[in-house]
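Asks: Contents of final20.cif (mmCIF, N, CA and C atoms) are below:
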```
data_upload
loop_
_atom_site.label_atom_id
_atom_site.label_comp_id
_atom_site.auth_asym_id
_atom_site.auth_seq_id
_atom_site.Cartn_x
_atom_site.Cartn_y
_atom_site.Cartn_z
N MET F 1 109.46 75.85 76.23
CA MET F 1 108.97 77.15 76.65
C MET F 1 109.74 78.24 75.89
N ALA F 2 109.11 79.38 75.79
CA ALA F 2 109.71 80.51 75.09
C ALA F 2 110.56 81.35 76.03
N LEU F 3 111.52 82.07 75.45
CA LEU F 3 112.42 82.92 76.22
C LEU F 3 112.09 84.39 75.93
N TYR F 4 112.03 85.19 76.99
CA TYR F 4 111.66 86.59 76.86
C TYR F 4 112.59 87.47 77.70
N GLU F 5 112.78 88.71 77.23
CA GLU F 5 113.36 89.76 78.05
C GLU F 5 112.23 90.73 78.33
N HIS F 6 112.07 91.07 79.60
CA HIS F 6 110.94 91.88 80.03
C HIS F 6 111.46 93.07 80.83
N VAL F 7 111.11 94.29 80.42
CA VAL F 7 111.53 95.50 81.12
C VAL F 7 110.30 96.17 81.70
N VAL F 8 110.41 96.57 82.98
CA VAL F 8 109.30 97.19 83.69
C VAL F 8 109.72 98.57 84.15
N LEU F 9 108.82 99.55 84.01
CA LEU F 9 109.02 100.89 84.55
C LEU F 9 107.98 101.13 85.63
N ALA F 10 108.45 101.35 86.86
CA ALA F 10 107.55 101.58 87.99
C ALA F 10 107.61 103.06 88.39
N ARG F 11 106.56 103.53 89.02
CA ARG F 11 106.46 104.94 89.42
C ARG F 11 107.66 105.38 90.27
N GLN F 12 107.98 106.67 90.18
CA GLN F 12 109.12 107.22 90.90
C GLN F 12 108.89 107.38 92.39
N ASP F 13 107.65 107.51 92.81
CA ASP F 13 107.39 107.80 94.22
C ASP F 13 107.22 106.56 95.09
N ILE F 14 107.44 105.37 94.54
CA ILE F 14 107.44 104.19 95.39
C ILE F 14 108.90 103.86 95.73
N SER F 15 109.10 103.18 96.84
CA SER F 15 110.46 102.88 97.30
C SER F 15 111.03 101.67 96.55
N THR F 16 112.33 101.49 96.71
CA THR F 16 113.01 100.36 96.09
C THR F 16 112.47 99.04 96.63
N GLN F 17 112.14 99.02 97.93
CA GLN F 17 111.58 97.80 98.52
C GLN F 17 110.20 97.48 97.92
N GLN F 18 109.42 98.50 97.63
CA GLN F 18 108.11 98.27 97.01
C GLN F 18 108.27 97.75 95.58
N VAL F 19 109.30 98.25 94.88
CA VAL F 19 109.56 97.75 93.53
C VAL F 19 109.94 96.28 93.60
N GLU F 20 110.80 95.92 94.56
CA GLU F 20 111.19 94.52 94.73
C GLU F 20 109.98 93.65 95.06
N ALA F 21 109.05 94.18 95.86
CA ALA F 21 107.84 93.43 96.20
C ALA F 21 106.97 93.22 94.95
N LEU F 22 106.88 94.25 94.10
CA LEU F 22 106.12 94.10 92.85
C LEU F 22 106.72 93.02 91.96
N ILE F 23 108.04 93.03 91.86
CA ILE F 23 108.71 92.04 91.02
C ILE F 23 108.49 90.64 91.57
N GLU F 24 108.54 90.50 92.89
CA GLU F 24 108.28 89.19 93.51
C GLU F 24 106.84 88.74 93.24
N GLN F 25 105.91 89.69 93.27
CA GLN F 25 104.51 89.36 92.98
C GLN F 25 104.37 88.82 91.55
N PHE F 26 105.01 89.48 90.59
CA PHE F 26 104.92 89.03 89.20
C PHE F 26 105.72 87.75 88.99
N LYS F 27 106.76 87.55 89.77
CA LYS F 27 107.53 86.31 89.69
C LYS F 27 106.66 85.13 90.12
N THR F 28 105.87 85.31 91.18
CA THR F 28 104.99 84.22 91.62
C THR F 28 103.91 83.93 90.59
N VAL F 29 103.42 84.97 89.91
CA VAL F 29 102.42 84.77 88.85
C VAL F 29 103.00 83.88 87.76
N LEU F 30 104.24 84.17 87.36
CA LEU F 30 104.88 83.36 86.33
C LEU F 30 105.09 81.92 86.79
N GLU F 31 105.58 81.76 88.02
CA GLU F 31 105.86 80.42 88.54
C GLU F 31 104.59 79.59 88.70
N GLU F 32 103.48 80.23 89.08
CA GLU F 32 102.21 79.51 89.20
C GLU F 32 101.72 79.02 87.85
N ASN F 33 102.11 79.72 86.78
CA ASN F 33 101.67 79.34 85.44
C ASN F 33 102.73 78.56 84.67
N GLY F 34 103.73 78.04 85.38
CA GLY F 34 104.70 77.16 84.75
C GLY F 34 105.94 77.83 84.19
N GLY F 35 106.22 79.04 84.56
CA GLY F 35 107.41 79.74 84.06
C GLY F 35 108.42 79.99 85.16
N LYS F 36 109.54 80.59 84.78
CA LYS F 36 110.54 80.95 85.77
C LYS F 36 111.31 82.17 85.28
N ILE F 37 111.90 82.89 86.24
CA ILE F 37 112.73 84.05 85.94
C ILE F 37 114.16 83.66 86.24
N SER F 38 115.03 83.77 85.24
CA SER F 38 116.42 83.36 85.44
C SER F 38 117.29 84.51 85.92
N LYS F 39 116.92 85.75 85.62
CA LYS F 39 117.74 86.89 86.05
C LYS F 39 116.86 88.10 86.27
N ILE F 40 117.10 88.80 87.37
CA ILE F 40 116.43 90.07 87.65
C ILE F 40 117.51 91.12 87.83
N GLU F 41 117.43 92.19 87.05
CA GLU F 41 118.45 93.24 87.08
C GLU F 41 117.78 94.58 87.35
N PRO F 42 117.86 95.09 88.57
CA PRO F 42 117.31 96.43 88.82
C PRO F 42 118.27 97.50 88.31
N TRP F 43 117.78 98.35 87.42
CA TRP F 43 118.61 99.40 86.85
C TRP F 43 118.53 100.68 87.66
N GLY F 44 117.61 100.73 88.62
CA GLY F 44 117.51 101.89 89.50
C GLY F 44 116.55 102.95 88.99
N LEU F 45 116.56 104.07 89.70
CA LEU F 45 115.70 105.21 89.37
C LEU F 45 116.39 106.03 88.28
N ARG F 46 115.76 106.12 87.13
CA ARG F 46 116.36 106.81 85.98
C ARG F 46 115.39 107.84 85.43
N THR F 47 115.94 108.87 84.82
CA THR F 47 115.13 109.94 84.23
C THR F 47 114.50 109.44 82.93
N LEU F 48 113.23 109.76 82.76
CA LEU F 48 112.51 109.40 81.54
C LEU F 48 112.78 110.44 80.46
N THR F 49 112.70 110.05 79.21
CA THR F 49 112.87 110.98 78.11
C THR F 49 111.70 111.95 78.05
N TYR F 50 110.52 111.48 78.33
CA TYR F 50 109.33 112.33 78.36
C TYR F 50 108.48 111.90 79.54
N ARG F 51 107.61 112.79 79.99
CA ARG F 51 106.77 112.48 81.15
C ARG F 51 105.73 111.43 80.80
N ILE F 52 105.53 110.52 81.76
CA ILE F 52 104.49 109.51 81.64
C ILE F 52 103.61 109.64 82.88
N ASN F 53 102.37 109.98 82.70
CA ASN F 53 101.43 110.16 83.82
C ASN F 53 102.01 111.06 84.91
N LYS F 54 102.57 112.20 84.50
CA LYS F 54 103.15 113.21 85.39
C LYS F 54 104.39 112.74 86.13
N ASN F 55 105.01 111.65 85.70
CA ASN F 55 106.25 111.16 86.29
C ASN F 55 107.42 111.53 85.39
N ARG F 56 108.47 112.09 85.99
CA ARG F 56 109.68 112.44 85.25
C ARG F 56 110.76 111.37 85.38
N LYS F 57 110.62 110.50 86.38
CA LYS F 57 111.58 109.41 86.61
C LYS F 57 110.81 108.11 86.79
N ALA F 58 111.55 107.00 86.71
CA ALA F 58 110.93 105.69 86.91
C ALA F 58 111.99 104.70 87.37
N HIS F 59 111.53 103.71 88.12
CA HIS F 59 112.38 102.58 88.51
C HIS F 59 112.36 101.59 87.36
N TYR F 60 113.54 101.26 86.83
CA TYR F 60 113.65 100.31 85.72
C TYR F 60 114.10 98.96 86.25
N VAL F 61 113.51 97.88 85.75
CA VAL F 61 113.91 96.52 86.12
C VAL F 61 113.86 95.65 84.86
N LEU F 62 114.93 94.88 84.65
CA LEU F 62 114.99 93.92 83.55
C LEU F 62 114.84 92.53 84.11
N MET F 63 114.03 91.70 83.45
CA MET F 63 113.86 90.31 83.86
C MET F 63 114.06 89.41 82.65
N ASN F 64 114.83 88.34 82.82
CA ASN F 64 114.94 87.29 81.82
C ASN F 64 113.94 86.20 82.19
N VAL F 65 113.02 85.92 81.30
CA VAL F 65 111.90 85.03 81.60
C VAL F 65 111.93 83.82 80.68
N ASP F 66 111.72 82.65 81.28
CA ASP F 66 111.57 81.40 80.54
C ASP F 66 110.19 80.85 80.92
N ALA F 67 109.20 81.11 80.04
CA ALA F 67 107.82 80.76 80.39
C ALA F 67 106.99 80.56 79.13
N PRO F 68 105.88 79.84 79.26
CA PRO F 68 104.94 79.74 78.14
C PRO F 68 104.24 81.07 77.91
N HIS F 69 103.71 81.23 76.72
CA HIS F 69 103.07 82.51 76.37
C HIS F 69 101.92 82.85 77.32
N ALA F 70 101.17 81.86 77.74
CA ALA F 70 100.01 82.12 78.62
C ALA F 70 100.46 82.75 79.94
N ALA F 71 101.59 82.30 80.48
CA ALA F 71 102.09 82.86 81.74
C ALA F 71 102.52 84.31 81.56
N VAL F 72 103.19 84.60 80.45
CA VAL F 72 103.62 85.97 80.18
C VAL F 72 102.41 86.87 79.94
N ALA F 73 101.41 86.36 79.24
CA ALA F 73 100.19 87.14 78.99
C ALA F 73 99.47 87.46 80.30
N GLU F 74 99.42 86.51 81.23
CA GLU F 74 98.79 86.76 82.53
C GLU F 74 99.58 87.79 83.33
N MET F 75 100.91 87.70 83.30
CA MET F 75 101.74 88.68 84.00
C MET F 75 101.52 90.08 83.41
N GLU F 76 101.49 90.19 82.10
CA GLU F 76 101.26 91.48 81.46
C GLU F 76 99.87 92.02 81.77
N ARG F 77 98.88 91.13 81.84
CA ARG F 77 97.52 91.57 82.19
C ARG F 77 97.50 92.18 83.57
N GLN F 78 98.16 91.53 84.53
CA GLN F 78 98.19 92.05 85.90
C GLN F 78 99.02 93.33 86.00
N MET F 79 100.07 93.44 85.20
CA MET F 79 100.84 94.68 85.19
C MET F 79 100.00 95.84 84.66
N GLY F 80 99.18 95.56 83.67
CA GLY F 80 98.31 96.59 83.12
C GLY F 80 97.29 97.09 84.13
N LEU F 81 96.91 96.25 85.07
CA LEU F 81 95.95 96.64 86.10
C LEU F 81 96.60 97.36 87.28
N ASN F 82 97.91 97.17 87.46
CA ASN F 82 98.62 97.74 88.60
C ASN F 82 98.93 99.21 88.35
N GLU F 83 98.52 100.08 89.27
CA GLU F 83 98.72 101.52 89.09
C GLU F 83 100.16 101.96 89.34
N ASP F 84 100.99 101.12 89.94
CA ASP F 84 102.39 101.47 90.18
C ASP F 84 103.27 101.21 88.95
N ILE F 85 102.78 100.47 87.97
CA ILE F 85 103.54 100.17 86.76
C ILE F 85 103.18 101.20 85.69
N LEU F 86 104.18 101.95 85.23
CA LEU F 86 103.95 102.96 84.18
C LEU F 86 103.93 102.32 82.79
N ARG F 87 104.97 101.53 82.51
CA ARG F 87 105.09 100.87 81.22
C ARG F 87 105.79 99.54 81.41
N PHE F 88 105.61 98.65 80.46
CA PHE F 88 106.37 97.41 80.43
C PHE F 88 106.51 96.99 78.97
N MET F 89 107.55 96.22 78.70
CA MET F 89 107.78 95.74 77.34
C MET F 89 108.37 94.33 77.42
N THR F 90 107.80 93.43 76.65
CA THR F 90 108.29 92.06 76.60
C THR F 90 108.74 91.77 75.17
N VAL F 91 109.96 91.23 75.06
CA VAL F 91 110.52 90.90 73.75
C VAL F 91 110.92 89.43 73.76
N ARG F 92 110.48 88.70 72.77
CA ARG F 92 110.87 87.29 72.66
C ARG F 92 112.27 87.21 72.05
N VAL F 93 113.13 86.40 72.65
CA VAL F 93 114.50 86.25 72.18
C VAL F 93 114.81 84.79 71.91
N ASP F 94 115.86 84.55 71.14
CA ASP F 94 116.26 83.18 70.82
C ASP F 94 117.00 82.54 71.99
N GLU F 95 117.81 83.34 72.71
CA GLU F 95 118.51 82.83 73.88
C GLU F 95 118.67 83.95 74.89
N LEU F 96 118.72 83.57 76.16
CA LEU F 96 118.87 84.55 77.23
C LEU F 96 120.34 84.80 77.50
N ASP F 97 120.68 86.07 77.66
CA ASP F 97 122.06 86.45 77.96
C ASP F 97 122.20 86.55 79.47
N GLU F 98 123.03 85.69 80.05
CA GLU F 98 123.22 85.68 81.51
C GLU F 98 124.27 86.68 81.97
N ASN F 99 124.99 87.30 81.03
CA ASN F 99 125.95 88.33 81.39
C ASN F 99 125.22 89.61 81.76
N PRO F 100 125.89 90.54 82.45
CA PRO F 100 125.23 91.81 82.77
C PRO F 100 124.81 92.54 81.49
N SER F 101 123.67 93.20 81.56
CA SER F 101 123.18 93.93 80.40
C SER F 101 124.05 95.16 80.14
N ALA F 102 123.80 95.83 79.03
CA ALA F 102 124.57 97.03 78.68
C ALA F 102 124.41 98.12 79.73
N MET F 103 123.23 98.21 80.33
CA MET F 103 123.00 99.22 81.37
C MET F 103 123.87 98.96 82.59
N MET F 104 124.00 97.71 82.99
CA MET F 104 124.81 97.38 84.16
C MET F 104 126.30 97.49 83.84
N GLN F 105 126.70 97.18 82.62
CA GLN F 105 128.09 97.34 82.23
C GLN F 105 128.50 98.79 82.27
N LYS F 106 127.60 99.68 81.83
CA LYS F 106 127.87 101.12 81.86
C LYS F 106 128.01 101.60 83.30
N LYS F 107 127.14 101.10 84.18
CA LYS F 107 127.20 101.49 85.58
C LYS F 107 128.52 101.04 86.21
N ASP F 108 128.95 99.81 85.93
CA ASP F 108 130.22 99.31 86.45
C ASP F 108 131.39 100.14 85.93
N ARG F 109 131.34 100.49 84.64
CA ARG F 109 132.41 101.29 84.06
C ARG F 109 132.48 102.67 84.71
N ASP F 110 131.30 103.29 84.93
CA ASP F 110 131.27 104.60 85.58
C ASP F 110 131.78 104.54 87.00
N ASP F 111 131.44 103.47 87.72
CA ASP F 111 131.93 103.31 89.10
C ASP F 111 133.45 103.18 89.13
N ARG F 112 134.00 102.44 88.18
CA ARG F 112 135.46 102.29 88.12
C ARG F 112 136.12 103.62 87.82
N ARG F 113 135.53 104.41 86.94
CA ARG F 113 136.10 105.72 86.62
C ARG F 113 136.11 106.64 87.85
N ARG F 114 135.02 106.61 88.60
CA ARG F 114 134.95 107.44 89.80
C ARG F 114 136.00 107.03 90.83
N SER F 115 136.21 105.73 90.97
CA SER F 115 137.16 105.26 91.96
C SER F 115 138.61 105.55 91.54
N ASP F 116 138.87 105.70 90.24
CA ASP F 116 140.21 106.00 89.76
C ASP F 116 140.60 107.46 89.97
N ARG F 117 139.63 108.34 90.11
CA ARG F 117 139.92 109.76 90.29
C ARG F 117 140.44 110.02 91.70
N PRO F 118 141.36 110.98 91.82
CA PRO F 118 141.82 111.34 93.17
C PRO F 118 140.72 112.06 93.94
N GLN F 119 140.71 111.88 95.22
CA GLN F 119 139.71 112.55 96.07
C GLN F 119 140.01 114.04 96.10
N GLY F 120 138.99 114.88 96.17
CA GLY F 120 139.18 116.31 96.25
C GLY F 120 139.21 116.98 94.89
N GLY F 121 138.83 116.31 93.86
CA GLY F 121 138.75 116.92 92.54
C GLY F 121 139.97 116.62 91.71
N ARG F 122 139.98 117.21 90.55
CA ARG F 122 141.09 116.94 89.64
C ARG F 122 142.24 117.90 89.91
N GLU F 123 143.42 117.47 89.53
CA GLU F 123 144.60 118.30 89.72
C GLU F 123 144.70 119.26 88.54
N ARG F 124 145.03 120.50 88.84
CA ARG F 124 145.12 121.50 87.79
C ARG F 124 146.49 122.14 87.80
N GLY F 125 146.90 122.57 86.66
CA GLY F 125 148.15 123.31 86.53
C GLY F 125 147.91 124.77 86.90
N PRO F 126 148.91 125.60 86.75
CA PRO F 126 148.73 127.03 87.07
C PRO F 126 147.75 127.66 86.10
N ARG F 127 147.06 128.67 86.58
CA ARG F 127 146.10 129.38 85.73
C ARG F 127 146.85 130.20 84.70
N ARG F 128 146.16 130.60 83.67
CA ARG F 128 146.80 131.36 82.59
C ARG F 128 147.39 132.67 83.10
N ASN F 129 146.63 133.37 83.93
CA ASN F 129 147.10 134.66 84.43
C ASN F 129 148.31 134.49 85.31
N GLU F 130 148.33 133.43 86.11
CA GLU F 130 149.47 133.18 87.01
C GLU F 130 150.69 132.82 86.19
N ALA F 131 150.54 132.05 85.12
CA ALA F 131 151.67 131.65 84.28
C ALA F 131 152.25 132.86 83.56
N ALA F 132 151.40 133.79 83.13
CA ALA F 132 151.85 134.99 82.41
C ALA F 132 152.57 135.94 83.36
N ALA F 133 152.16 135.97 84.64
CA ALA F 133 152.77 136.89 85.60
C ALA F 133 154.18 136.47 85.97
N GLU F 134 154.50 135.21 85.83
CA GLU F 134 155.83 134.74 86.23
C GLU F 134 156.88 135.06 85.26
#
```
Could you show the structure in this file as structure tokens?

Replies:
Amino acid sequence: MALYEHVVLARQDISTQQVEALIEQFKTVLEENGGKISKIEPWGLRTLTYRINKNRKAHYVLMNVDAPHAAVAEMERQMGLNEDILRFMTVRVDELDENPSAMMQKKDRDDRRRSDRPQGGRERGPRRNEAAAE
């Protein structure tokens, strides 16, 4: 079977639970046609570079897929018919990366940076005017 990375953009006005339900629906389509999903990575609600069908944001989801071409084609056909899916892209790869994607690594790094900061904002030295007055 072939290996694919598949990214889905879902409308901004549906909930996270609805996005998970959509992904489960497409997962069953793949499994019925002899494929499987090895990793699902929700990237969350992110701002789009340009508007798509009057949407400024979208729910992004990455899926690592191990399936025959016919199963992926059927999943893409059904995504094209679904009004909650704005865009999708499937890329064939030589091997699937089971480590967190670059998007998730960035999120983890940002979370660590936030947790390292002291609560209540950053510490500041005396203001210029106060230093000159002394």

Asks: Leaving out Gly44 in chain F and any residue of its chain fewer than 3 positions from it, which residues lie within 8 Å of it when counting only N, CA and C atoms, given as number ranges by chain?

Replies: F: 41, 47, 58-62

Asks: Let's have the selection written as a PDB file, in the frame of the given file, with N, CA and C atoms.

Replies:
```pdb
ATOM      1  N   GLU F  41     117.430  92.190  87.050  1.00  0.00           N
ATOM      2  CA  GLU F  41     118.450  93.240  87.080  1.00  0.00           C
ATOM      3  C   GLU F  41     117.780  94.580  87.350  1.00  0.00           C
ATOM      4  N   THR F  47     115.940 108.870  84.820  1.00  0.00           N
ATOM      5  CA  THR F  47     115.130 109.940  84.230  1.00  0.00           C
ATOM      6  C   THR F  47     114.500 109.440  82.930  1.00  0.00           C
ATOM      7  N   ALA F  58     111.550 107.000  86.710  1.00  0.00           N
ATOM      8  CA  ALA F  58     110.930 105.690  86.910  1.00  0.00           C
ATOM      9  C   ALA F  58     111.990 104.700  87.370  1.00  0.00           C
ATOM     10  N   HIS F  59     111.530 103.710  88.120  1.00  0.00           N
ATOM     11  CA  HIS F  59     112.380 102.580  88.510  1.00  0.00           C
ATOM     12  C   HIS F  59     112.360 101.590  87.360  1.00  0.00           C
ATOM     13  N   TYR F  60     113.540 101.260  86.830  1.00  0.00           N
ATOM     14  CA  TYR F  60     113.650 100.310  85.720  1.00  0.00           C
ATOM     15  C   TYR F  60     114.100  98.960  86.250  1.00  0.00           C
ATOM     16  N   VAL F  61     113.510  97.880  85.750  1.00  0.00           N
ATOM     17  CA  VAL F  61     113.910  96.520  86.120  1.00  0.00           C
ATOM     18  C   VAL F  61     113.860  95.650  84.860  1.00  0.00           C
ATOM     19  N   LEU F  62     114.930  94.880  84.650  1.00  0.00           N
ATOM     20  CA  LEU F  62     114.990  93.920  83.550  1.00  0.00           C
ATOM     21  C   LEU F  62     114.840  92.530  84.110  1.00  0.00           C
TER      22      LEU F  62
END
```

Asks: Applied to this file, what does the PyMOL selection byres (((chain F and resi 39 and name CA) around 7) and name CA) return in terms of residues, put as a list in words?

Replies: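 Evaluating the PyMOL selection byres (((chain F and resi 39 and name CA) around 7) and name CA) on this file yields Ile37, Ser38, Ile40, Glu41, Met63 and Asn64 of chain F.
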
Asks: What does the distance between atom C of Leu96 in chain F and CA of Leu3 in chain F come to in Å, to one decimal place?

Replies: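 Here the two named atoms are 8.2 Å from each other.
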
Asks: For Asp66 in chain F, which of F:Leu48, F:Leu9, F:Met89, F:Lys36 is the closest residue, counting all atoms listed in the file?

Replies: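 For Asp66 in chain F, the nearest of the given residues is F:Lys36.
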
Asks: Could you tell me how far CA of Ile14 in chain F sits from CA of Leu30 in chain F, in Å to one decimal place?

Replies: 22.9 Å

Asks: Apply DSSP to the structure's backbone, then extract all residues of chain F labelled helix (DSSP H, G or I) and return them as a ChimeraX atom specification.

Replies: /F:16-32,69-81,102-116,128-133

Asks: Could you expand the PyMOL selection byres (((chain F and resi 79-81 and name CA) around 12) and name CA) into the explicit residues it covers here, written as a PyMOL selection string?

Replies: chain F and resi 6-10+22-23+25-27+29+72-78+82-90

Asks: Find the distance between atom C of Asn33 in chain F and atom C of Ala67 in chain F and write it in Å to one decimal.

Replies: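 A separation of 7.3 Å between them.
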
Asks: Mind the document's chain letters and residue numbers, and return as a ChimeraX atom specification the residues of range 12-93 of chain F that DSSP labels strand (DSSP E).

Replies: /F:36-52,55-67,85-93

Asks: When you count all atoms listed in the file, which of these residues is closest to Asn55 in chain F: F:Ala2, F:Arg112, F:Arg11, F:Met103?

Replies: F:Arg11

Asks: Taking (110.1, 115.1, 86.2) as a centre in this file's frame and 12 Å as the limit, can you find every polymer residue with an atom that close, using only C-alpha atoms, and give them as a ChimeraX atom specification?

Replies: /F:11-13,45-58

Asks: Given the file shown, determine the residues that the PyMOL selection byres ((chain F and resi 92) around 6) selects; report them as a list in words.

Replies: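 Checking the PyMOL selection byres ((chain F and resi 92) around 6) against this file, the residues are Leu3, Tyr4, Glu5, Thr90, Val91, Val93 and Asp94 of chain F.
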
Asks: Smallest atom-to-atom distance to Gly35 in chain F: which of F:Arg113, F:Pro68, F:Glu20, F:Ser15, using only C-alpha atoms?

Replies: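 Comparing F:Arg113, F:Pro68, F:Glu20, F:Ser15 against Gly35 in chain F, the winner is F:Pro68.
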